[in-house]
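Asks: This is the structure I want to talk about, given as structure tokens.
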Amino acid sequence: MTTKSFFPRNIYAQPNVNSSRVFLSPPRYIQGPGVIRNCGLYLQLINANNVAVLASKRGFSAEASDVLTSLSKEGIACSKAEFLGECSREEVERHANNLMSSKPDCILAVGGGKLVDAGKCIAHRLNCQVVIIPTLASNDAPCSSISVLYTSDGVKDLVEYFPQNPAFVIVDTEVIVNASERYLVAGMGDAMATWYEARVCEDNPATSNLVGCRPTLAASALSEKCAHTLFEHGVCAAENVRNNKNSDSVERVVEANTLLSGIGFESGGLALAHPLANSYTEITRLNKKYLHGEMVAMGTLAQLAMENSKDLEKVIKFFIDVGLPVNLEQLSMSPLQKSEIDMVIETAFKNPLIKNMNFEVSKELILDSIKKADEVGTHFVSKYGDEAYRRLHS
Ligand SMILES: [Zn+2]
């Protein structure tokens, strides 16, 4: 099936480059304990009458079953589509083809980041709305209007841009607190990059956000709030989720990981952290072992090292406290594995987003930054230990 590409520069860009400020977000974001059980009510607001629910096999016997109950209570017709685990071109086309004859007016994507991204792709191909119910707060995917597609080995393949953000994002914090602590922590790794990448774009007038325009003040403000929320509440939220307990800190961190981070990266812009994180997926042995947010954490440290930022040590200490990787060894790599490091650098160097940095970025500079971040991270591990990391990775 062919799909129209919505590379956004064509839509918003003006002859005078970077003269437009554009802000993107979902029309409605709903978060709280138990909200999943009201999703049938919410769907009435967008006149959804024929819904295809996308979930994993596990999801259909857990959260997605509450979703189906709520839909049937409101008399909304629904069908089931089982997601096989990778947001790949094949998986997306398979679902789009299977669902085409039933003409759903809404795809309801219930699951983790890759499922969420696949849901957006399928809805776009079927020209219908998409509603996202993330079951993990591990990534910045739910609120954005882009999807990252991977090969069946988990290597980043391409990014698709859509003309709209999801119609609703519904986050049930009862579901999030019953998921593993490691997912919430990975979400913090993803979310911590938001402000540091948006800050680069805000400070450099030659840069643009994900739709090729200048970031708004709103995007910068909520990106900064995202980082502050993590520093203030991250450790407490992780501890609460470890004990399957909800709290004000959990609610704040879930919002930072999902809403602030999702809007922040798309409308605020990216710099080095995400391109570098996505380049780590080239090393296929890492892809089953590490989550997106854990790779982004490593990308953020290299970016801060490259900027000579005074925040490098503060962020490393925070990552150690919550259990994110802070050196190559914790990402099952070594500075001595030259061929792997070179492959990561080669891929990152080709990504046009790294040009958002406020200075010329050479391959040598990327290598030096990875090494510097690794050295400081290793020093901090010897000073503060790696208890949280070991707990999450045992
Ligand atoms: Zn991300």
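Identifiers in the structure tokens: chain A, B, ... in order shown; residue index from 1 per chain; ligand index from 1 in order shown.
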Show me, as a PDB file with N, CA and C atoms, in the first residue's frame, the residues that have an atom within 10 Å of Ala348 (chain A) when counting only C-alpha atoms, minus same-chain residues fewer than 2 positions from it.
Replies:
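The resulting file, out_39.pdb, is shown below:
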```
ATOM      1  N   LEU A 272      21.771  16.300  19.426  1.00  0.00           N
ATOM      2  CA  LEU A 272      22.633  15.122  19.276  1.00  0.00           C
ATOM      3  C   LEU A 272      22.102  13.883  19.996  1.00  0.00           C
ATOM      4  N   ALA A 273      21.435  14.081  21.134  1.00  0.00           N
ATOM      5  CA  ALA A 273      21.093  12.940  21.999  1.00  0.00           C
ATOM      6  C   ALA A 273      20.286  11.871  21.254  1.00  0.00           C
ATOM      7  N   HIS A 274      19.231  12.278  20.538  1.00  0.00           N
ATOM      8  CA  HIS A 274      18.409  11.281  19.851  1.00  0.00           C
ATOM      9  C   HIS A 274      19.087  10.652  18.627  1.00  0.00           C
ATOM     10  N   PRO A 275      19.721  11.433  17.754  1.00  0.00           N
ATOM     11  CA  PRO A 275      20.432  10.792  16.646  1.00  0.00           C
ATOM     12  C   PRO A 275      21.466   9.764  17.122  1.00  0.00           C
ATOM     13  N   LEU A 276      22.167  10.094  18.219  1.00  0.00           N
ATOM     14  CA  LEU A 276      23.170   9.154  18.729  1.00  0.00           C
ATOM     15  C   LEU A 276      22.482   7.914  19.307  1.00  0.00           C
ATOM     16  N   ALA A 277      21.396   8.132  20.054  1.00  0.00           N
ATOM     17  CA  ALA A 277      20.658   6.996  20.624  1.00  0.00           C
ATOM     18  C   ALA A 277      20.167   6.067  19.518  1.00  0.00           C
ATOM     19  N   ASN A 278      19.600   6.642  18.463  1.00  0.00           N
ATOM     20  CA  ASN A 278      19.094   5.808  17.375  1.00  0.00           C
ATOM     21  C   ASN A 278      20.232   5.078  16.655  1.00  0.00           C
ATOM     22  N   SER A 279      21.432   5.648  16.689  1.00  0.00           N
ATOM     23  CA  SER A 279      22.581   5.003  16.044  1.00  0.00           C
ATOM     24  C   SER A 279      23.035   3.761  16.815  1.00  0.00           C
ATOM     25  N   TYR A 280      22.797   3.754  18.124  1.00  0.00           N
ATOM     26  CA  TYR A 280      23.151   2.552  18.903  1.00  0.00           C
ATOM     27  C   TYR A 280      22.343   1.334  18.452  1.00  0.00           C
ATOM     28  N   ASP A 342      32.709   3.003  15.840  1.00  0.00           N
ATOM     29  CA  ASP A 342      32.800   3.679  14.535  1.00  0.00           C
ATOM     30  C   ASP A 342      31.474   3.591  13.776  1.00  0.00           C
ATOM     31  N   MET A 343      30.801   2.432  13.889  1.00  0.00           N
ATOM     32  CA  MET A 343      29.523   2.254  13.198  1.00  0.00           C
ATOM     33  C   MET A 343      28.480   3.226  13.766  1.00  0.00           C
ATOM     34  N   VAL A 344      28.463   3.378  15.089  1.00  0.00           N
ATOM     35  CA  VAL A 344      27.533   4.306  15.748  1.00  0.00           C
ATOM     36  C   VAL A 344      27.807   5.737  15.273  1.00  0.00           C
ATOM     37  N   ILE A 345      29.072   6.111  15.274  1.00  0.00           N
ATOM     38  CA  ILE A 345      29.448   7.476  14.901  1.00  0.00           C
ATOM     39  C   ILE A 345      29.105   7.745  13.432  1.00  0.00           C
ATOM     40  N   GLU A 346      29.400   6.772  12.597  1.00  0.00           N
ATOM     41  CA  GLU A 346      29.123   6.906  11.153  1.00  0.00           C
ATOM     42  C   GLU A 346      27.636   7.182  10.923  1.00  0.00           C
ATOM     43  N   LYS A 350      25.600  10.939   9.785  1.00  0.00           N
ATOM     44  CA  LYS A 350      24.759  11.119   8.588  1.00  0.00           C
ATOM     45  C   LYS A 350      23.415  11.757   8.917  1.00  0.00           C
ATOM     46  N   ASN A 351      23.058  11.808  10.210  1.00  0.00           N
ATOM     47  CA  ASN A 351      21.741  12.333  10.597  1.00  0.00           C
ATOM     48  C   ASN A 351      21.750  13.865  10.545  1.00  0.00           C
ATOM     49  N   PRO A 352      20.903  14.478   9.715  1.00  0.00           N
ATOM     50  CA  PRO A 352      20.942  15.948   9.595  1.00  0.00           C
ATOM     51  C   PRO A 352      20.628  16.687  10.899  1.00  0.00           C
ATOM     52  N   LEU A 353      19.970  16.012  11.848  1.00  0.00           N
ATOM     53  CA  LEU A 353      19.615  16.691  13.101  1.00  0.00           C
ATOM     54  C   LEU A 353      20.847  17.150  13.886  1.00  0.00           C
ATOM     55  N   ILE A 354      21.978  16.470  13.699  1.00  0.00           N
ATOM     56  CA  ILE A 354      23.152  16.882  14.488  1.00  0.00           C
ATOM     57  C   ILE A 354      23.659  18.261  14.055  1.00  0.00           C
ATOM     58  N   LYS A 363      33.225  13.826  13.045  1.00  0.00           N
ATOM     59  CA  LYS A 363      33.215  12.470  13.615  1.00  0.00           C
ATOM     60  C   LYS A 363      34.154  12.392  14.820  1.00  0.00           C
ATOM     61  N   ILE A 366      32.443  13.723  17.854  1.00  0.00           N
ATOM     62  CA  ILE A 366      31.471  12.776  18.425  1.00  0.00           C
ATOM     63  C   ILE A 366      32.216  11.707  19.239  1.00  0.00           C
TER      64      ILE A 366
END
```
Asks: Report the closest atom pair, with its distance in Å rounded to one decimal, for each residue of chain A that has an atom no farther than 10 Å from ligand 1; count only C-alpha atoms and all ligand atoms, sort by chain and then rising residue number, and write it as a tab-separated table.
Replies:
```
residue	atom	partner	partner_atom_place_in_ligand_line	distance
A:Gly113	CA	ligand 1	1 (Zn)	9.5
A:Ser138	CA	ligand 1	1 (Zn)	9.2
A:Asn139	CA	ligand 1	1 (Zn)	5.9
A:Asp140	CA	ligand 1	1 (Zn)	5.1
A:Ala141	CA	ligand 1	1 (Zn)	6.9
A:Val148	CA	ligand 1	1 (Zn)	9.7
A:Ala186	CA	ligand 1	1 (Zn)	9.9
A:Gly187	CA	ligand 1	1 (Zn)	8.4
A:Gly189	CA	ligand 1	1 (Zn)	8.6
A:Asp190	CA	ligand 1	1 (Zn)	5.0
A:Ala191	CA	ligand 1	1 (Zn)	7.2
A:Met192	CA	ligand 1	1 (Zn)	9.6
A:Ala193	CA	ligand 1	1 (Zn)	7.9
A:Thr194	CA	ligand 1	1 (Zn)	8.3
A:Asn257	CA	ligand 1	1 (Zn)	9.7
A:Ser261	CA	ligand 1	1 (Zn)	8.1
A:Gly262	CA	ligand 1	1 (Zn)	8.0
A:Phe265	CA	ligand 1	1 (Zn)	7.7
A:Glu266	CA	ligand 1	1 (Zn)	9.8
A:Leu270	CA	ligand 1	1 (Zn)	9.5
A:Ala273	CA	ligand 1	1 (Zn)	9.0
A:His274	CA	ligand 1	1 (Zn)	6.4
A:Pro275	CA	ligand 1	1 (Zn)	9.6
A:Ala277	CA	ligand 1	1 (Zn)	8.4
A:Asn278	CA	ligand 1	1 (Zn)	8.8
A:His292	CA	ligand 1	1 (Zn)	6.6
A:Gly293	CA	ligand 1	1 (Zn)	6.3
A:Glu294	CA	ligand 1	1 (Zn)	9.7
A:Met295	CA	ligand 1	1 (Zn)	9.0
A:Val296	CA	ligand 1	1 (Zn)	6.6
A:Ala297	CA	ligand 1	1 (Zn)	9.6
```
Asks: Quick one: write out the picked residues with C-alpha atoms as a PDB file, in the first residue's frame?
Replies:
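Saved result, again.pdb, follows:
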```pdb
ATOM      1  CA  GLY A 113       6.192   2.645  22.287  1.00  0.00           C
ATOM      2  CA  SER A 138       8.894   4.421  28.984  1.00  0.00           C
ATOM      3  CA  ASN A 139       9.083   6.690  25.932  1.00  0.00           C
ATOM      4  CA  ASP A 140       8.101   9.935  24.223  1.00  0.00           C
ATOM      5  CA  ALA A 141       6.034   8.322  21.423  1.00  0.00           C
ATOM      6  CA  VAL A 148       9.914   5.539  13.994  1.00  0.00           C
ATOM      7  CA  ALA A 186      13.793   4.371  30.786  1.00  0.00           C
ATOM      8  CA  GLY A 187      11.065   6.965  30.169  1.00  0.00           C
ATOM      9  CA  GLY A 189      16.111   8.727  30.224  1.00  0.00           C
ATOM     10  CA  ASP A 190      14.110   9.639  27.132  1.00  0.00           C
ATOM     11  CA  ALA A 191      12.471  12.640  28.817  1.00  0.00           C
ATOM     12  CA  MET A 192      15.704  14.071  30.265  1.00  0.00           C
ATOM     13  CA  ALA A 193      16.989  14.593  26.719  1.00  0.00           C
ATOM     14  CA  THR A 194      13.996  16.801  25.884  1.00  0.00           C
ATOM     15  CA  ASN A 257       7.746  11.201  30.420  1.00  0.00           C
ATOM     16  CA  SER A 261       8.626  14.882  26.600  1.00  0.00           C
ATOM     17  CA  GLY A 262       6.388  14.009  23.632  1.00  0.00           C
ATOM     18  CA  PHE A 265      10.865  16.818  21.433  1.00  0.00           C
ATOM     19  CA  GLU A 266       8.514  17.346  18.489  1.00  0.00           C
ATOM     20  CA  LEU A 270      16.225  17.533  18.629  1.00  0.00           C
ATOM     21  CA  ALA A 273      21.093  12.940  21.999  1.00  0.00           C
ATOM     22  CA  HIS A 274      18.409  11.281  19.851  1.00  0.00           C
ATOM     23  CA  PRO A 275      20.432  10.792  16.646  1.00  0.00           C
ATOM     24  CA  ALA A 277      20.658   6.996  20.624  1.00  0.00           C
ATOM     25  CA  ASN A 278      19.094   5.808  17.375  1.00  0.00           C
ATOM     26  CA  HIS A 292      15.021   3.399  23.687  1.00  0.00           C
ATOM     27  CA  GLY A 293      15.209   5.647  26.763  1.00  0.00           C
ATOM     28  CA  GLU A 294      18.340   3.899  28.004  1.00  0.00           C
ATOM     29  CA  MET A 295      20.084   4.579  24.700  1.00  0.00           C
ATOM     30  CA  VAL A 296      18.827   8.184  24.776  1.00  0.00           C
ATOM     31  CA  ALA A 297      20.341   8.567  28.254  1.00  0.00           C
TER      32      ALA A 297
END
```
Asks: Give the answer as one residue: which of A:Val169, A:Leu210, A:Cys87, A:Ala256 has the shortest atom-to-atom distance to Pro142 (chain A), using only C-alpha atoms?
Replies: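 Comparing A:Val169, A:Leu210, A:Cys87, A:Ala256 against Pro142 (chain A), the winner is A:Val169.
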Asks: Find the spatial neighbours of Gln330 (chain A), counting only C-alpha atoms, within a cut-off of 12 Å - ignore same-chain residues fewer than 6 positions away - and output them as a ChimeraX atom specification.
Replies: /A:286,289-290,294-295,297-298,319-320,323-324,374,377-378,381,386,388-390,392-394
Asks: Suppose we keep N, CA and C atoms; can you now write the selection as a PDB file, in the first residue's frame?
Replies:
```
ATOM      1  N   LEU A 286      22.296  -5.140  20.922  1.00  0.00           N
ATOM      2  CA  LEU A 286      21.800  -4.282  22.004  1.00  0.00           C
ATOM      3  C   LEU A 286      20.277  -4.169  21.999  1.00  0.00           C
ATOM      4  N   LYS A 289      18.133  -6.019  24.399  1.00  0.00           N
ATOM      5  CA  LYS A 289      18.593  -5.873  25.777  1.00  0.00           C
ATOM      6  C   LYS A 289      18.291  -4.499  26.376  1.00  0.00           C
ATOM      7  N   TYR A 290      18.273  -3.479  25.535  1.00  0.00           N
ATOM      8  CA  TYR A 290      18.123  -2.111  26.049  1.00  0.00           C
ATOM      9  C   TYR A 290      16.913  -1.408  25.448  1.00  0.00           C
ATOM     10  N   GLU A 294      17.007   4.169  27.458  1.00  0.00           N
ATOM     11  CA  GLU A 294      18.340   3.899  28.004  1.00  0.00           C
ATOM     12  C   GLU A 294      19.416   4.306  27.002  1.00  0.00           C
ATOM     13  N   MET A 295      19.127   4.125  25.728  1.00  0.00           N
ATOM     14  CA  MET A 295      20.084   4.579  24.700  1.00  0.00           C
ATOM     15  C   MET A 295      20.080   6.113  24.621  1.00  0.00           C
ATOM     16  N   ALA A 297      19.569   8.089  27.091  1.00  0.00           N
ATOM     17  CA  ALA A 297      20.341   8.567  28.254  1.00  0.00           C
ATOM     18  C   ALA A 297      21.817   8.680  27.878  1.00  0.00           C
ATOM     19  N   MET A 298      22.341   7.664  27.209  1.00  0.00           N
ATOM     20  CA  MET A 298      23.748   7.692  26.795  1.00  0.00           C
ATOM     21  C   MET A 298      23.992   8.796  25.763  1.00  0.00           C
ATOM     22  N   PHE A 319      21.107   9.970  36.786  1.00  0.00           N
ATOM     23  CA  PHE A 319      20.966   8.674  36.091  1.00  0.00           C
ATOM     24  C   PHE A 319      21.431   7.521  37.000  1.00  0.00           C
ATOM     25  N   ILE A 320      22.530   7.743  37.736  1.00  0.00           N
ATOM     26  CA  ILE A 320      23.005   6.712  38.670  1.00  0.00           C
ATOM     27  C   ILE A 320      21.943   6.453  39.743  1.00  0.00           C
ATOM     28  N   GLY A 323      19.094   4.515  38.046  1.00  0.00           N
ATOM     29  CA  GLY A 323      19.469   3.232  37.430  1.00  0.00           C
ATOM     30  C   GLY A 323      19.587   3.246  35.915  1.00  0.00           C
ATOM     31  N   LEU A 324      19.833   4.421  35.327  1.00  0.00           N
ATOM     32  CA  LEU A 324      20.080   4.487  33.879  1.00  0.00           C
ATOM     33  C   LEU A 324      21.566   4.258  33.601  1.00  0.00           C
ATOM     34  N   ASP A 374      31.902   8.753  28.825  1.00  0.00           N
ATOM     35  CA  ASP A 374      32.201   7.433  29.379  1.00  0.00           C
ATOM     36  C   ASP A 374      33.145   7.546  30.578  1.00  0.00           C
ATOM     37  N   GLY A 377      31.295   9.198  33.483  1.00  0.00           N
ATOM     38  CA  GLY A 377      30.317   8.231  33.982  1.00  0.00           C
ATOM     39  C   GLY A 377      30.987   7.132  34.800  1.00  0.00           C
ATOM     40  N   THR A 378      32.112   6.621  34.297  1.00  0.00           N
ATOM     41  CA  THR A 378      32.842   5.548  34.991  1.00  0.00           C
ATOM     42  C   THR A 378      33.379   6.042  36.333  1.00  0.00           C
ATOM     43  N   VAL A 381      30.513   6.188  38.738  1.00  0.00           N
ATOM     44  CA  VAL A 381      30.089   4.855  39.201  1.00  0.00           C
ATOM     45  C   VAL A 381      31.031   4.389  40.311  1.00  0.00           C
ATOM     46  N   ASP A 386      26.633   1.438  41.708  1.00  0.00           N
ATOM     47  CA  ASP A 386      25.694   1.184  40.605  1.00  0.00           C
ATOM     48  C   ASP A 386      24.511   0.335  41.078  1.00  0.00           C
ATOM     49  N   ALA A 388      21.319   0.986  41.794  1.00  0.00           N
ATOM     50  CA  ALA A 388      20.027   1.084  41.090  1.00  0.00           C
ATOM     51  C   ALA A 388      20.114   0.423  39.715  1.00  0.00           C
ATOM     52  N   TYR A 389      21.228   0.656  39.016  1.00  0.00           N
ATOM     53  CA  TYR A 389      21.405   0.039  37.691  1.00  0.00           C
ATOM     54  C   TYR A 389      21.342  -1.483  37.800  1.00  0.00           C
ATOM     55  N   ARG A 390      22.070  -2.029  38.784  1.00  0.00           N
ATOM     56  CA  ARG A 390      22.104  -3.495  38.954  1.00  0.00           C
ATOM     57  C   ARG A 390      20.731  -4.049  39.283  1.00  0.00           C
ATOM     58  N   LEU A 392      17.858  -2.916  38.334  1.00  0.00           N
ATOM     59  CA  LEU A 392      16.989  -2.914  37.152  1.00  0.00           C
ATOM     60  C   LEU A 392      17.476  -3.862  36.067  1.00  0.00           C
ATOM     61  N   HIS A 393      18.742  -4.219  36.096  1.00  0.00           N
ATOM     62  CA  HIS A 393      19.299  -5.030  35.014  1.00  0.00           C
ATOM     63  C   HIS A 393      19.697  -6.435  35.456  1.00  0.00           C
ATOM     64  N   SER A 394      19.240  -6.851  36.630  1.00  0.00           N
ATOM     65  CA  SER A 394      19.631  -8.197  37.103  1.00  0.00           C
ATOM     66  C   SER A 394      18.722  -9.258  36.466  1.00  0.00           C
TER      67      SER A 394
END
```
Asks: Please build the interface table for region 43-91 of chain A against region 22-38 of chain A with a cut-off of 10 Å, listing for each qualifying residue the nearest atom pair and the distance in Å to one decimal; count only C-alpha atoms, order rows by chain and increasing number, and write it as JSON lines.
Replies:
```
{"residue": "A:Leu43", "atom": "CA", "partner": "A:Asn38", "partner_atom": "CA", "distance": 8.9}
{"residue": "A:Glu63", "atom": "CA", "partner": "A:Ile36", "partner_atom": "CA", "distance": 7.9}
{"residue": "A:Ala64", "atom": "CA", "partner": "A:Ile36", "partner_atom": "CA", "distance": 8.9}
{"residue": "A:Ser65", "atom": "CA", "partner": "A:Arg37", "partner_atom": "CA", "distance": 9.8}
{"residue": "A:Asp66", "atom": "CA", "partner": "A:Arg37", "partner_atom": "CA", "distance": 6.0}
{"residue": "A:Val67", "atom": "CA", "partner": "A:Arg37", "partner_atom": "CA", "distance": 6.3}
{"residue": "A:Leu68", "atom": "CA", "partner": "A:Arg37", "partner_atom": "CA", "distance": 9.1}
{"residue": "A:Thr69", "atom": "CA", "partner": "A:Arg37", "partner_atom": "CA", "distance": 7.8}
{"residue": "A:Ser70", "atom": "CA", "partner": "A:Arg37", "partner_atom": "CA", "distance": 5.6}
{"residue": "A:Leu71", "atom": "CA", "partner": "A:Asn38", "partner_atom": "CA", "distance": 8.5}
{"residue": "A:Lys73", "atom": "CA", "partner": "A:Asn38", "partner_atom": "CA", "distance": 9.7}
{"residue": "A:Glu74", "atom": "CA", "partner": "A:Asn38", "partner_atom": "CA", "distance": 9.5}
```
Asks: Those residues you just picked out, can you put them in a file as an mmCIF file, in the first residue's frame with C-alpha atoms?
Replies:
```
data_model
loop_
_atom_site.group_PDB
_atom_site.id
_atom_site.type_symbol
_atom_site.label_atom_id
_atom_site.label_comp_id
_atom_site.auth_asym_id
_atom_site.auth_seq_id
_atom_site.Cartn_x
_atom_site.Cartn_y
_atom_site.Cartn_z
ATOM 1 C CA LEU A 43 -14.384 7.944 22.142
ATOM 2 C CA GLU A 63 -5.311 -3.689 29.739
ATOM 3 C CA ALA A 64 -6.891 -4.109 26.303
ATOM 4 C CA SER A 65 -9.550 -6.332 27.828
ATOM 5 C CA ASP A 66 -10.685 -3.381 30.043
ATOM 6 C CA VAL A 67 -10.707 -1.246 26.894
ATOM 7 C CA LEU A 68 -12.925 -3.730 25.041
ATOM 8 C CA THR A 69 -15.313 -3.870 28.026
ATOM 9 C CA SER A 70 -15.606 -0.078 28.087
ATOM 10 C CA LEU A 71 -16.234 0.080 24.331
ATOM 11 C CA LYS A 73 -20.607 -0.805 27.396
ATOM 12 C CA GLU A 74 -20.982 2.271 25.193
#
```
Asks: Of the residues A:Lys156, A:Arg242, A:Lys314, A:Lys57, which is the one nearest to Ile176 (chain A), using only C-alpha atoms?
Replies: A:Arg242
Asks: As a PyMOL selection string, please: the residues near Thr173 (chain A) (cut-off 12 Å, only C-alpha atoms, same-chain neighbours under 3 positions excluded).
Replies: chain A and resi 30-37+63+133-137+170+176-179+184+237+241+244-255+258
Asks: For Arg391 (chain A), which of A:Arg285, A:Arg182, A:Lys355, A:Lys103 is the closest residue, counting only C-alpha atoms?
Replies: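 Of A:Arg285, A:Arg182, A:Lys355, A:Lys103, the one nearest Arg391 (chain A) is A:Arg182, counting only C-alpha atoms.
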Asks: Between CA of Pro205 (chain A) and CA of Lys225 (chain A), what is the distance, to one decimal in Å?
Replies: 21.5 Å
Asks: So, with only C-alpha atoms as the atoms that count, which of A:Tyr196, A:Phe380, A:Tyr161, A:Phe359 lies closest to Asp311 (chain A)?
Replies: A:Tyr196
Asks: Expressed in Å to a single decimal, how great is the separation between CA of Gln129 (chain A) and CA of Cys143 (chain A)?
Replies: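 Those two atoms sit 13.5 Å apart.
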Asks: Could you check the closest approach to Ile46 (chain A) for each of A:Leu115, A:Val322, A:Val131, A:Cys226 and tell me which residue wins, using only C-alpha atoms?
Replies: A:Val131
